[in-house]
>>> print(open('my_file-v3.pdb').read())   # PDB, C-alpha atoms and all ligand atoms
ATOM      1  CA  MET L   1      14.182 -65.198  29.220
ATOM      2  CA  ILE L   2      10.536 -65.695  28.180
ATOM      3  CA  PRO L   3       8.920 -62.985  25.980
ATOM      4  CA  TRP L   4       6.745 -61.282  28.631
ATOM      5  CA  GLN L   5       9.817 -60.909  30.863
ATOM      6  CA  LEU L   6      11.661 -59.279  27.992
ATOM      7  CA  ILE L   7       8.802 -56.816  27.390
ATOM      8  CA  PHE L   8       8.620 -55.977  31.097
ATOM      9  CA  THR L   9      12.380 -55.398  31.369
ATOM     10  CA  PHE L  10      12.358 -53.173  28.271
ATOM     11  CA  ALA L  11       9.350 -51.128  29.457
ATOM     12  CA  CYS L  12      10.810 -50.652  32.913
ATOM     13  CA  THR L  13      14.202 -49.590  31.589
ATOM     14  CA  LYS L  14      12.595 -47.047  29.258
ATOM     15  CA  HIS L  15      10.206 -45.762  31.922
ATOM     16  CA  CYS L  16      12.891 -45.431  34.600
ATOM     17  CA  ASP L  17      15.217 -43.702  32.154
ATOM     18  CA  LEU L  18      12.538 -41.157  31.219
ATOM     19  CA  ARG L  19      11.669 -40.556  34.851
ATOM     20  CA  THR L  20      15.299 -40.067  35.825
ATOM     21  CA  ARG L  21      15.762 -37.614  32.975
ATOM     22  CA  SER L  22      12.770 -35.445  33.877
ATOM     23  CA  ILE L  23      13.235 -35.550  37.655
ATOM     24  CA  MET L  24      16.989 -34.950  37.757
ATOM     25  CA  PRO L  25      17.736 -31.235  37.284
ATOM     26  CA  GLU L  26      20.398 -30.407  34.708
ATOM     27  CA  LYS L  27      23.764 -29.738  36.264
ATOM     28  CA  LYS L  28      24.847 -26.079  36.177
ATOM     29  CA  ILE L  29      28.426 -25.794  35.056
ATOM     30  CA  ILE L  30      31.158 -23.208  34.482
ATOM     31  CA  ILE L  31      32.428 -22.864  30.910
ATOM     32  CA  THR L  32      35.701 -21.041  30.326
ATOM     33  CA  ILE L  33      36.867 -19.871  26.904
ATOM     34  CA  ASP L  34      40.432 -18.601  26.741
ATOM     35  CA  GLY L  35      42.631 -17.826  23.782
ATOM     36  CA  TRP L  36      44.423 -15.363  21.568
ATOM     37  CA  SER L  37      43.112 -11.944  20.576
ATOM     38  CA  SER L  38      40.300 -11.819  18.036
ATOM     39  CA  CYS L  39      39.779 -15.525  17.579
ATOM     40  CA  GLY L  40      36.034 -15.336  18.182
ATOM     41  CA  LYS L  41      35.872 -16.161  21.883
ATOM     42  CA  SER L  42      33.100 -13.722  22.657
ATOM     43  CA  THR L  43      30.968 -14.795  19.667
ATOM     44  CA  LEU L  44      31.059 -18.413  20.820
ATOM     45  CA  ALA L  45      30.618 -17.513  24.493
ATOM     46  CA  LYS L  46      27.528 -15.391  23.750
ATOM     47  CA  GLN L  47      25.940 -18.122  21.622
ATOM     48  CA  MET L  48      26.538 -20.785  24.270
ATOM     49  CA  ALA L  49      25.237 -18.606  27.101
ATOM     50  CA  ALA L  50      22.072 -17.781  25.110
ATOM     51  CA  LYS L  51      21.400 -21.445  24.294
ATOM     52  CA  LEU L  52      22.015 -22.636  27.861
ATOM     53  CA  LYS L  53      20.351 -19.610  29.499
ATOM     54  CA  TYR L  54      23.614 -18.939  31.326
ATOM     55  CA  THR L  55      25.232 -15.594  32.140
ATOM     56  CA  TYR L  56      27.956 -14.462  29.754
ATOM     57  CA  ILE L  57      30.838 -12.457  31.181
ATOM     58  CA  ASP L  58      33.449 -10.805  28.973
ATOM     59  CA  SER L  59      36.433 -10.573  31.319
ATOM     60  CA  GLY L  60      38.424  -8.607  28.718
ATOM     61  CA  ALA L  61      35.798  -5.863  28.931
ATOM     62  CA  MET L  62      36.731  -5.415  32.598
ATOM     63  CA  TYR L  63      40.411  -4.849  31.779
ATOM     64  CA  ARG L  64      39.382  -2.507  28.969
ATOM     65  CA  ALA L  65      37.070  -0.523  31.300
ATOM     66  CA  ILE L  66      39.815  -0.179  33.926
ATOM     67  CA  THR L  67      42.193   1.019  31.177
ATOM     68  CA  LEU L  68      39.617   3.564  29.998
ATOM     69  CA  TYR L  69      39.282   4.864  33.559
ATOM     70  CA  PHE L  70      43.093   5.141  33.947
ATOM     71  CA  LEU L  71      43.441   6.983  30.622
ATOM     72  CA  ARG L  72      40.615   9.415  31.321
ATOM     73  CA  ASN L  73      41.846  10.192  34.817
ATOM     74  CA  HIS L  74      45.546  10.289  33.921
ATOM     75  CA  VAL L  75      46.363   7.585  36.454
ATOM     76  CA  ASP L  76      50.089   6.787  36.490
ATOM     77  CA  TRP L  77      49.808   2.995  36.438
ATOM     78  CA  THR L  78      53.528   2.497  37.059
ATOM     79  CA  ASP L  79      52.873   3.600  40.658
ATOM     80  CA  ALA L  80      51.169   0.839  42.712
ATOM     81  CA  ARG L  81      49.802   3.301  45.290
ATOM     82  CA  LYS L  82      48.101   5.363  42.594
ATOM     83  CA  VAL L  83      46.713   2.205  41.011
ATOM     84  CA  ASN L  84      45.272   1.048  44.333
ATOM     85  CA  ARG L  85      43.734   4.453  44.965
ATOM     86  CA  ALA L  86      42.175   4.517  41.505
ATOM     87  CA  LEU L  87      40.797   0.971  41.800
ATOM     88  CA  LYS L  88      38.880   2.055  44.923
ATOM     89  CA  GLU L  89      37.027   4.557  42.724
ATOM     90  CA  ILE L  90      36.048   1.963  40.122
ATOM     91  CA  ASN L  91      32.748   0.130  40.121
ATOM     92  CA  ILE L  92      32.126  -2.373  37.350
ATOM     93  CA  GLU L  93      28.822  -4.056  36.585
ATOM     94  CA  PHE L  94      27.270  -5.846  33.639
ATOM     95  CA  SER L  95      23.799  -5.032  32.393
ATOM     96  CA  HIS L  96      21.677  -7.041  29.981
ATOM     97  CA  ASN L  97      20.617  -5.197  26.816
ATOM     98  CA  GLU L  98      17.238  -6.655  25.830
ATOM     99  CA  SER L  99      17.356  -5.437  22.220
ATOM    100  CA  THR L 100      20.801  -6.846  21.393
ATOM    101  CA  LYS L 101      20.432  -9.736  23.889
ATOM    102  CA  ALA L 102      24.013  -9.030  24.995
ATOM    103  CA  SER L 103      25.536  -8.045  28.281
ATOM    104  CA  GLU L 104      27.150  -4.615  28.360
ATOM    105  CA  ILE L 105      29.723  -3.222  30.736
ATOM    106  CA  ILE L 106      28.887  -0.357  33.073
ATOM    107  CA  LEU L 107      31.776   1.660  34.518
ATOM    108  CA  ASN L 108      30.678   3.852  37.445
ATOM    109  CA  GLU L 109      27.111   3.935  36.121
ATOM    110  CA  GLU L 110      28.173   4.792  32.552
ATOM    111  CA  ASN L 111      27.663   2.279  29.739
ATOM    112  CA  VAL L 112      31.132   2.084  28.127
ATOM    113  CA  GLU L 113      30.583  -1.047  26.022
ATOM    114  CA  TYR L 114      31.205   0.863  22.778
ATOM    115  CA  LEU L 115      34.021   3.141  24.009
ATOM    116  CA  ILE L 116      36.237   0.352  25.356
ATOM    117  CA  ARG L 117      36.507  -1.254  21.887
ATOM    118  CA  ASP L 118      38.449   1.744  20.558
ATOM    119  CA  LEU L 119      42.070   1.209  19.474
ATOM    120  CA  VAL L 120      43.170   3.905  21.952
ATOM    121  CA  VAL L 121      42.109   1.562  24.753
ATOM    122  CA  ALA L 122      43.414  -1.539  22.930
ATOM    123  CA  GLU L 123      46.861   0.130  22.695
ATOM    124  CA  LYS L 124      47.219   0.184  26.493
ATOM    125  CA  VAL L 125      45.007  -2.593  27.835
ATOM    126  CA  SER L 126      47.634  -5.347  27.890
ATOM    127  CA  GLU L 127      50.038  -3.126  29.818
ATOM    128  CA  VAL L 128      47.325  -2.365  32.389
ATOM    129  CA  ALA L 129      46.172  -6.005  32.532
ATOM    130  CA  ALA L 130      49.701  -7.103  33.464
ATOM    131  CA  ILE L 131      49.569  -5.128  36.760
ATOM    132  CA  LYS L 132      49.229  -7.316  39.874
ATOM    133  CA  GLU L 133      46.751  -5.023  41.677
ATOM    134  CA  VAL L 134      44.562  -4.757  38.583
ATOM    135  CA  ARG L 135      44.453  -8.535  38.135
ATOM    136  CA  GLU L 136      43.613  -9.138  41.803
ATOM    137  CA  PHE L 137      40.763  -6.637  41.553
ATOM    138  CA  ALA L 138      39.351  -8.176  38.346
ATOM    139  CA  VAL L 139      39.808 -11.843  39.312
ATOM    140  CA  LYS L 140      38.024 -11.341  42.668
ATOM    141  CA  HIS L 141      35.083  -9.788  40.857
ATOM    142  CA  GLN L 142      35.032 -12.579  38.235
ATOM    143  CA  GLN L 143      35.094 -15.337  40.870
ATOM    144  CA  GLU L 144      32.167 -13.706  42.703
ATOM    145  CA  MET L 145      30.159 -13.619  39.476
ATOM    146  CA  GLY L 146      30.779 -17.332  38.928
ATOM    147  CA  SER L 147      29.990 -18.434  42.468
ATOM    148  CA  LYS L 148      26.551 -19.754  41.461
ATOM    149  CA  LYS L 149      27.874 -21.459  38.295
ATOM    150  CA  ALA L 150      25.715 -21.312  35.106
ATOM    151  CA  ILE L 151      28.244 -18.957  33.575
ATOM    152  CA  VAL L 152      30.290 -18.696  30.373
ATOM    153  CA  MET L 153      33.348 -16.463  30.777
ATOM    154  CA  ASP L 154      35.964 -15.673  28.152
ATOM    155  CA  GLY L 155      39.440 -14.216  28.556
ATOM    156  CA  ARG L 156      43.069 -15.231  28.931
ATOM    157  CA  ASP L 157      43.356 -16.840  32.382
ATOM    158  CA  ILE L 158      39.815 -18.007  33.098
ATOM    159  CA  GLY L 159      40.531 -21.750  32.889
ATOM    160  CA  THR L 160      43.965 -21.491  34.503
ATOM    161  CA  VAL L 161      43.487 -18.964  37.331
ATOM    162  CA  VAL L 162      39.909 -17.697  37.731
ATOM    163  CA  PHE L 163      38.067 -21.050  37.566
ATOM    164  CA  PRO L 164      40.699 -23.814  37.625
ATOM    165  CA  ASN L 165      37.945 -26.346  38.480
ATOM    166  CA  ALA L 166      35.589 -25.384  35.634
ATOM    167  CA  GLU L 167      33.744 -28.331  34.106
ATOM    168  CA  LEU L 168      34.408 -27.289  30.507
ATOM    169  CA  LYS L 169      37.497 -25.389  29.386
ATOM    170  CA  ILE L 170      37.961 -24.373  25.773
ATOM    171  CA  PHE L 171      41.162 -22.878  24.394
ATOM    172  CA  MET L 172      40.536 -21.049  21.121
ATOM    173  CA  THR L 173      42.953 -20.276  18.388
ATOM    174  CA  ALA L 174      42.953 -19.350  14.687
ATOM    175  CA  ASP L 175      45.480 -18.353  12.008
ATOM    176  CA  LYS L 176      46.887 -14.891  12.642
ATOM    177  CA  ALA L 177      45.912 -13.495   9.230
ATOM    178  CA  ILE L 178      42.320 -14.604   9.805
ATOM    179  CA  ARG L 179      42.247 -13.010  13.243
ATOM    180  CA  VAL L 180      43.644  -9.725  11.922
ATOM    181  CA  ALA L 181      41.068  -9.660   9.114
ATOM    182  CA  ARG L 182      38.211 -10.346  11.553
ATOM    183  CA  ARG L 183      39.243  -7.592  13.975
ATOM    184  CA  PHE L 184      39.889  -5.155  11.110
ATOM    185  CA  ARG L 185      36.356  -5.669   9.759
ATOM    186  CA  GLU L 186      34.907  -5.133  13.241
ATOM    187  CA  LEU L 187      36.846  -1.888  13.845
ATOM    188  CA  TYR L 188      36.468  -0.581  10.286
ATOM    189  CA  ASP L 189      32.679  -0.714  10.623
ATOM    190  CA  LYS L 190      32.963   1.745  13.514
ATOM    191  CA  ASN L 191      35.833   3.857  12.193
ATOM    192  CA  PRO L 192      36.821   3.749   8.477
ATOM    193  CA  ASN L 193      40.110   5.550   9.285
ATOM    194  CA  VAL L 194      41.576   2.486  10.935
ATOM    195  CA  SER L 195      44.292   0.680   8.947
ATOM    196  CA  LEU L 196      44.980  -3.032   8.599
ATOM    197  CA  GLU L 197      48.587  -2.414   9.662
ATOM    198  CA  GLU L 198      47.507  -0.729  12.917
ATOM    199  CA  VAL L 199      45.174  -3.600  13.743
ATOM    200  CA  LYS L 200      47.859  -6.201  12.972
ATOM    201  CA  ASN L 201      50.451  -4.410  15.131
ATOM    202  CA  ASN L 202      48.017  -4.099  18.027
ATOM    203  CA  LEU L 203      47.058  -7.760  17.856
ATOM    204  CA  GLU L 204      50.700  -8.908  17.744
ATOM    205  CA  MET L 205      51.675  -6.614  20.599
ATOM    206  CA  ARG L 206      48.808  -7.798  22.820
ATOM    207  CA  ASP L 207      49.434 -11.469  22.034
ATOM    208  CA  TYR L 208      53.082 -10.984  23.007
ATOM    209  CA  ILE L 209      52.446  -9.105  26.270
ATOM    210  CA  ASP L 210      49.541 -11.384  27.264
ATOM    211  CA  SER L 211      51.583 -14.563  26.810
ATOM    212  CA  HIS L 212      54.839 -13.252  28.297
ATOM    213  CA  ARG L 213      53.654 -11.353  31.395
ATOM    214  CA  GLU L 214      54.718 -12.579  34.824
ATOM    215  CA  ILE L 215      51.245 -12.910  36.392
ATOM    216  CA  SER L 216      48.670 -15.264  34.846
ATOM    217  CA  PRO L 217      50.105 -15.313  31.313
ATOM    218  CA  LEU L 218      47.922 -16.631  28.517
ATOM    219  CA  ARG L 219      48.338 -20.425  28.614
ATOM    220  CA  LYS L 220      46.213 -23.386  27.661
ATOM    221  CA  ALA L 221      45.048 -25.125  30.847
ATOM    222  CA  SER L 222      46.264 -28.739  30.792
ATOM    223  CA  ASP L 223      42.647 -29.978  30.766
ATOM    224  CA  ALA L 224      41.357 -27.507  28.136
ATOM    225  CA  ILE L 225      40.105 -28.621  24.715
ATOM    226  CA  VAL L 226      41.730 -26.789  21.806
ATOM    227  CA  LEU L 227      39.335 -25.288  19.288
ATOM    228  CA  ASP L 228      41.065 -24.017  16.137
ATOM    229  CA  ASN L 229      38.355 -22.241  14.191
ATOM    230  CA  SER L 230      40.465 -21.118  11.193
ATOM    231  CA  ASN L 231      38.416 -23.349   8.914
ATOM    232  CA  LEU L 232      35.164 -23.668  10.841
ATOM    233  CA  THR L 233      31.955 -21.715  10.333
ATOM    234  CA  GLU L 234      30.349 -20.096  13.380
ATOM    235  CA  GLN L 235      27.654 -22.762  13.264
ATOM    236  CA  GLU L 236      30.162 -25.639  13.132
ATOM    237  CA  GLN L 237      32.170 -24.330  16.064
ATOM    238  CA  PHE L 238      28.980 -23.708  18.046
ATOM    239  CA  GLN L 239      27.731 -27.272  17.476
ATOM    240  CA  LEU L 240      31.060 -28.727  18.508
ATOM    241  CA  ALA L 241      31.264 -26.664  21.690
ATOM    242  CA  MET L 242      27.624 -27.418  22.605
ATOM    243  CA  LYS L 243      28.331 -31.127  22.231
ATOM    244  CA  TRP L 244      31.164 -30.798  24.773
ATOM    245  CA  ALA L 245      28.924 -28.754  27.092
ATOM    246  CA  ASN L 246      26.006 -31.202  26.888
ATOM    247  CA  GLU L 247      28.279 -34.143  27.672
ATOM    248  CA  ARG L 248      29.080 -32.397  30.964
ATOM    249  CA  ILE L 249      25.591 -31.094  31.772
ATOM    250  CA  LYS L 250      23.180 -33.937  31.065
ATOM    251  CA  PRO L 251      22.544 -36.227  34.028
TER     252      PRO L 251
HETATM  253  O1  LIG V 301      38.650  -9.207  22.068
HETATM  254  P1  LIG V 301      40.085  -9.569  22.318
HETATM  255  O2  LIG V 301      40.255 -11.050  22.435
HETATM  256  O3  LIG V 301      41.020  -8.957  21.365
HETATM  257  O4  LIG V 301      40.500  -8.932  23.725
HETATM  258  P2  LIG V 301      39.662  -8.817  25.067
HETATM  259  O5  LIG V 301      39.095 -10.131  25.480
HETATM  260  O6  LIG V 301      38.744  -7.673  24.958
HETATM  261  O7  LIG V 301      40.823  -8.484  26.121
HETATM  262  C1  LIG V 301      41.541  -7.280  26.050
HETATM  263  C2  LIG V 301      42.834  -7.455  26.811
HETATM  264  O8  LIG V 301      42.554  -7.640  28.188
HETATM  265  C3  LIG V 301      43.712  -8.634  26.434
HETATM  266  O9  LIG V 301      44.567  -8.370  25.328
HETATM  267  C4  LIG V 301      44.481  -8.882  27.709
HETATM  268  O10 LIG V 301      45.585  -8.012  27.813
HETATM  269  C5  LIG V 301      43.497  -8.505  28.794
HETATM  270  N1  LIG V 301      42.820  -9.654  29.394
HETATM  271  C6  LIG V 301      43.487 -10.348  30.385
HETATM  272  O11 LIG V 301      44.629 -10.045  30.700
HETATM  273  N2  LIG V 301      42.856 -11.359  31.041
HETATM  274  C7  LIG V 301      41.622 -11.712  30.715
HETATM  275  N3  LIG V 301      41.020 -12.695  31.400
HETATM  276  C8  LIG V 301      40.929 -11.043  29.679
HETATM  277  C9  LIG V 301      41.575 -10.027  29.017
END
>>> encode(input="my_file-v3.pdb", output="structure tokens", more="lines below")
Ligand code: CDP
Amino acid sequence: MIPWQLIFTFACTKHCDLRTRSIMPEKKIIITIDGWSSCGKSTLAKQMAAKLKYTYIDSGAMYRAITLYFLRNHVDWTDARKVNRALKEINIEFSHNESTKASEIILNEENVEYLIRDLVVAEKVSEVAAIKEVREFAVKHQQEMGSKKAIVMDGRDIGTVVFPNAELKIFMTADKAIRVARRFRELYDKNPNVSLEEVKNNLEMRDYIDSHREISPLRKASDAIVLDNSNLTEQEQFQLAMKWANERIKP
């Protein structure tokens, strides 16, 4: 090839590449983050959603809000008819808090984002989340929220059941002692009466029920990428996950 042909080919390749990049819109994808209790799913999900300008949905918050409603209204959740009746009275929405830049859960027009984190709710949530009617109610709602893509959702069954065709599935894990310490710090800041033992027992109980229940147990989807963050900083795990997301988004 003579030099001017080389220059022309190079210029055209560069030019066409640039044009393709700016004309082609970025693909909107669904990102699912599943995993064990307190391994930092929501921290990563919030960071990714903020960076990508996607919606973040905390599916666990929905199960916690339903549990709060059942506890407050003394719903006997061992009776399917009573559960169905109660679910008809429940309206769940997410609202964006501009000051914290986070989405918060609204149960029947009441912001319960803070209340649902209490250990009283955590003690019962896995039992409630194992109920067929409750899961059908929550999963339907979650699938509607993801119908336009551009969403990051964390939970236990998001990559396996809610969005089995998601473009990026992450399965998070971390050493148990690290997870207990993280959750203890979080809860202690709100209530200094909480003990490490209580937090550890709750985490172990939820992990057991969540992974042994009959419907949608916690499992790694076969096409999920495992992210063990025991020895990663928040920044390191964020960079890694964004690299996986960008590989799937960029045209
Ligand atoms: O923050 P943490 O990971 O400890 O829990 P969460 O995401 O707030 O979820 C609370 C509970 O809801 C879990 O322990 C599960 O029992 C249930 N859950 C579920 O069954 N399916 C989901 N997709 C999300 C949560």
>>> closest_atom_pairs(input="my_file-v3.pdb", of="chain L", to="ligand LIG 301 (chain V)", cutoff="7 Å", atoms="all atoms listed in the file", output="JSON lines")
{"residue": "L:Trp36", "atom": "CA", "partner": "V:LIG301", "partner_atom": "O2", "distance": 6.1}
{"residue": "L:Ser37", "atom": "CA", "partner": "V:LIG301", "partner_atom": "O2", "distance": 3.5}
{"residue": "L:Ser38", "atom": "CA", "partner": "V:LIG301", "partner_atom": "O3", "distance": 4.4}
{"residue": "L:Cys39", "atom": "CA", "partner": "V:LIG301", "partner_atom": "O2", "distance": 6.6}
{"residue": "L:Lys41", "atom": "CA", "partner": "V:LIG301", "partner_atom": "O2", "distance": 6.8}
{"residue": "L:Asp58", "atom": "CA", "partner": "V:LIG301", "partner_atom": "O5", "distance": 6.7}
{"residue": "L:Ser59", "atom": "CA", "partner": "V:LIG301", "partner_atom": "C8", "distance": 4.8}
{"residue": "L:Gly60", "atom": "CA", "partner": "V:LIG301", "partner_atom": "C9", "distance": 3.5}
{"residue": "L:Ala61", "atom": "CA", "partner": "V:LIG301", "partner_atom": "O6", "distance": 5.3}
{"residue": "L:Tyr63", "atom": "CA", "partner": "V:LIG301", "partner_atom": "O8", "distance": 5.0}
{"residue": "L:Arg64", "atom": "CA", "partner": "V:LIG301", "partner_atom": "C1", "distance": 6.0}
{"residue": "L:Ala122", "atom": "CA", "partner": "V:LIG301", "partner_atom": "C1", "distance": 6.8}
{"residue": "L:Val125", "atom": "CA", "partner": "V:LIG301", "partner_atom": "C2", "distance": 5.4}
{"residue": "L:Ser126", "atom": "CA", "partner": "V:LIG301", "partner_atom": "O10", "distance": 3.4}
{"residue": "L:Glu127", "atom": "CA", "partner": "V:LIG301", "partner_atom": "O10", "distance": 6.9}
{"residue": "L:Ala129", "atom": "CA", "partner": "V:LIG301", "partner_atom": "O11", "distance": 4.7}
{"residue": "L:Ala130", "atom": "CA", "partner": "V:LIG301", "partner_atom": "O11", "distance": 6.5}
{"residue": "L:Asp154", "atom": "CA", "partner": "V:LIG301", "partner_atom": "N3", "distance": 6.7}
{"residue": "L:Gly155", "atom": "CA", "partner": "V:LIG301", "partner_atom": "N3", "distance": 3.6}
{"residue": "L:Arg156", "atom": "CA", "partner": "V:LIG301", "partner_atom": "N3", "distance": 4.1}
{"residue": "L:Asp157", "atom": "CA", "partner": "V:LIG301", "partner_atom": "N3", "distance": 4.9}
{"residue": "L:Ile158", "atom": "CA", "partner": "V:LIG301", "partner_atom": "N3", "distance": 5.7}
{"residue": "L:Arg206", "atom": "CA", "partner": "V:LIG301", "partner_atom": "O9", "distance": 5.0}
{"residue": "L:Asp207", "atom": "CA", "partner": "V:LIG301", "partner_atom": "O9", "distance": 6.6}
{"residue": "L:Asp210", "atom": "CA", "partner": "V:LIG301", "partner_atom": "O10", "distance": 5.2}
>>> residues_around(input="my_file-v3.pdb", residues="Lys169 of chain L", least_positions_apart="5", cutoff="7 Å", atoms="all atoms listed in the file", output="PyMOL selection string")
chain L and resi 31-33+159+224-225
>>> resolve_selection(input="my_file-v3.pdb", expression="the PyMOL selection byres (((chain L and resi 56) around 9) and not hetatm)", output="JSON, numbers by chain")
{"L": [42, 45, 46, 48, 49, 50, 54, 55, 57, 58, 102, 103, 150, 151, 152, 153, 154]}
>>> write_last_selection(input="my_file-v3.pdb", atoms="C-alpha atoms", output="mmCIF file, in the frame of the given file")
data_model
loop_
_atom_site.group_PDB
_atom_site.id
_atom_site.type_symbol
_atom_site.label_atom_id
_atom_site.label_comp_id
_atom_site.auth_asym_id
_atom_site.auth_seq_id
_atom_site.Cartn_x
_atom_site.Cartn_y
_atom_site.Cartn_z
ATOM 1 C CA SER L 42 33.100 -13.722 22.657
ATOM 2 C CA ALA L 45 30.618 -17.513 24.493
ATOM 3 C CA LYS L 46 27.528 -15.391 23.750
ATOM 4 C CA MET L 48 26.538 -20.785 24.270
ATOM 5 C CA ALA L 49 25.237 -18.606 27.101
ATOM 6 C CA ALA L 50 22.072 -17.781 25.110
ATOM 7 C CA TYR L 54 23.614 -18.939 31.326
ATOM 8 C CA THR L 55 25.232 -15.594 32.140
ATOM 9 C CA ILE L 57 30.838 -12.457 31.181
ATOM 10 C CA ASP L 58 33.449 -10.805 28.973
ATOM 11 C CA ALA L 102 24.013 -9.030 24.995
ATOM 12 C CA SER L 103 25.536 -8.045 28.281
ATOM 13 C CA ALA L 150 25.715 -21.312 35.106
ATOM 14 C CA ILE L 151 28.244 -18.957 33.575
ATOM 15 C CA VAL L 152 30.290 -18.696 30.373
ATOM 16 C CA MET L 153 33.348 -16.463 30.777
ATOM 17 C CA ASP L 154 35.964 -15.673 28.152
#
>>> axis_aligned_box(input="my_file-v3.pdb", around="segment 90-98 of chain L", padding_each_side="8 Å", output="lines of an AutoDock Vina configuration file")
center_x = 26.6
center_y = -2.5
center_z = 33.0
size_x = 34.8
size_y = 25.0
size_z = 30.3
>>> resolve_selection(input="my_file-v3.pdb", expression="the PyMOL selection byres (((chain L and resi 251) around 8) and not hetatm)", output="list of chain:residue names")
L:Arg21, L:Met24, L:Pro25, L:Glu26, L:Lys27, L:Ile249, L:Lys250
>>> atom_distance(input="my_file-v3.pdb", atom1="atom CA of Met62 of chain L", atom2="atom CA of Thr160 of chain L")
17.7 Å
>>> closest_residue(input="my_file-v3.pdb", among="L:Arg248, L:Arg183, L:Lys132, L:Lys148", to="Ala80 of chain L", atoms="all atoms listed in the file")
L:Lys132
>>> atom_distance(input="my_file-v3.pdb", atom1="atom CA of Glu214 of chain L", atom2="atom CA of Gly40 of chain L")
25.2 Å
>>> build_atoms(input="my_file-v3.pdb", residues="segment 228-245 of chain L", atoms="N, CA and C atoms", output="PDB file, keeping the file's coordinate frame")
ATOM      1  N   ASP L 228      40.477 -24.862  17.185  1.00  0.00           N
ATOM      2  CA  ASP L 228      41.065 -24.017  16.137  1.00  0.00           C
ATOM      3  C   ASP L 228      39.958 -23.762  15.121  1.00  0.00           C
ATOM      4  N   ASN L 229      39.520 -22.510  15.052  1.00  0.00           N
ATOM      5  CA  ASN L 229      38.355 -22.241  14.191  1.00  0.00           C
ATOM      6  C   ASN L 229      38.751 -21.592  12.851  1.00  0.00           C
ATOM      7  N   SER L 230      40.027 -21.725  12.465  1.00  0.00           N
ATOM      8  CA  SER L 230      40.465 -21.118  11.193  1.00  0.00           C
ATOM      9  C   SER L 230      39.586 -21.560  10.033  1.00  0.00           C
ATOM     10  N   ASN L 231      39.200 -22.838  10.043  1.00  0.00           N
ATOM     11  CA  ASN L 231      38.416 -23.349   8.914  1.00  0.00           C
ATOM     12  C   ASN L 231      37.026 -23.831   9.325  1.00  0.00           C
ATOM     13  N   LEU L 232      36.514 -23.268  10.393  1.00  0.00           N
ATOM     14  CA  LEU L 232      35.164 -23.668  10.841  1.00  0.00           C
ATOM     15  C   LEU L 232      34.207 -22.493  10.688  1.00  0.00           C
ATOM     16  N   THR L 233      32.958 -22.788  10.342  1.00  0.00           N
ATOM     17  CA  THR L 233      31.955 -21.715  10.333  1.00  0.00           C
ATOM     18  C   THR L 233      31.515 -21.503  11.792  1.00  0.00           C
ATOM     19  N   GLU L 234      30.836 -20.376  12.025  1.00  0.00           N
ATOM     20  CA  GLU L 234      30.349 -20.096  13.380  1.00  0.00           C
ATOM     21  C   GLU L 234      29.439 -21.221  13.855  1.00  0.00           C
ATOM     22  N   GLN L 235      28.613 -21.715  12.933  1.00  0.00           N
ATOM     23  CA  GLN L 235      27.654 -22.762  13.264  1.00  0.00           C
ATOM     24  C   GLN L 235      28.377 -24.067  13.633  1.00  0.00           C
ATOM     25  N   GLU L 236      29.407 -24.392  12.866  1.00  0.00           N
ATOM     26  CA  GLU L 236      30.162 -25.639  13.132  1.00  0.00           C
ATOM     27  C   GLU L 236      30.846 -25.582  14.489  1.00  0.00           C
ATOM     28  N   GLN L 237      31.458 -24.427  14.780  1.00  0.00           N
ATOM     29  CA  GLN L 237      32.170 -24.330  16.064  1.00  0.00           C
ATOM     30  C   GLN L 237      31.182 -24.346  17.230  1.00  0.00           C
ATOM     31  N   PHE L 238      30.013 -23.731  17.007  1.00  0.00           N
ATOM     32  CA  PHE L 238      28.980 -23.708  18.046  1.00  0.00           C
ATOM     33  C   PHE L 238      28.481 -25.137  18.350  1.00  0.00           C
ATOM     34  N   GLN L 239      28.219 -25.901  17.271  1.00  0.00           N
ATOM     35  CA  GLN L 239      27.731 -27.272  17.476  1.00  0.00           C
ATOM     36  C   GLN L 239      28.743 -28.134  18.224  1.00  0.00           C
ATOM     37  N   LEU L 240      29.988 -27.962  17.869  1.00  0.00           N
ATOM     38  CA  LEU L 240      31.060 -28.727  18.508  1.00  0.00           C
ATOM     39  C   LEU L 240      31.143 -28.390  20.004  1.00  0.00           C
ATOM     40  N   ALA L 241      31.139 -27.100  20.298  1.00  0.00           N
ATOM     41  CA  ALA L 241      31.264 -26.664  21.690  1.00  0.00           C
ATOM     42  C   ALA L 241      30.032 -27.070  22.504  1.00  0.00           C
ATOM     43  N   MET L 242      28.846 -27.020  21.885  1.00  0.00           N
ATOM     44  CA  MET L 242      27.624 -27.418  22.605  1.00  0.00           C
ATOM     45  C   MET L 242      27.638 -28.920  22.894  1.00  0.00           C
ATOM     46  N   LYS L 243      28.230 -29.683  21.997  1.00  0.00           N
ATOM     47  CA  LYS L 243      28.331 -31.127  22.231  1.00  0.00           C
ATOM     48  C   LYS L 243      29.196 -31.357  23.484  1.00  0.00           C
ATOM     49  N   TRP L 244      30.304 -30.651  23.587  1.00  0.00           N
ATOM     50  CA  TRP L 244      31.164 -30.798  24.773  1.00  0.00           C
ATOM     51  C   TRP L 244      30.416 -30.349  26.027  1.00  0.00           C
ATOM     52  N   ALA L 245      29.654 -29.258  25.911  1.00  0.00           N
ATOM     53  CA  ALA L 245      28.924 -28.754  27.092  1.00  0.00           C
ATOM     54  C   ALA L 245      27.852 -29.762  27.513  1.00  0.00           C
TER      55      ALA L 245
END
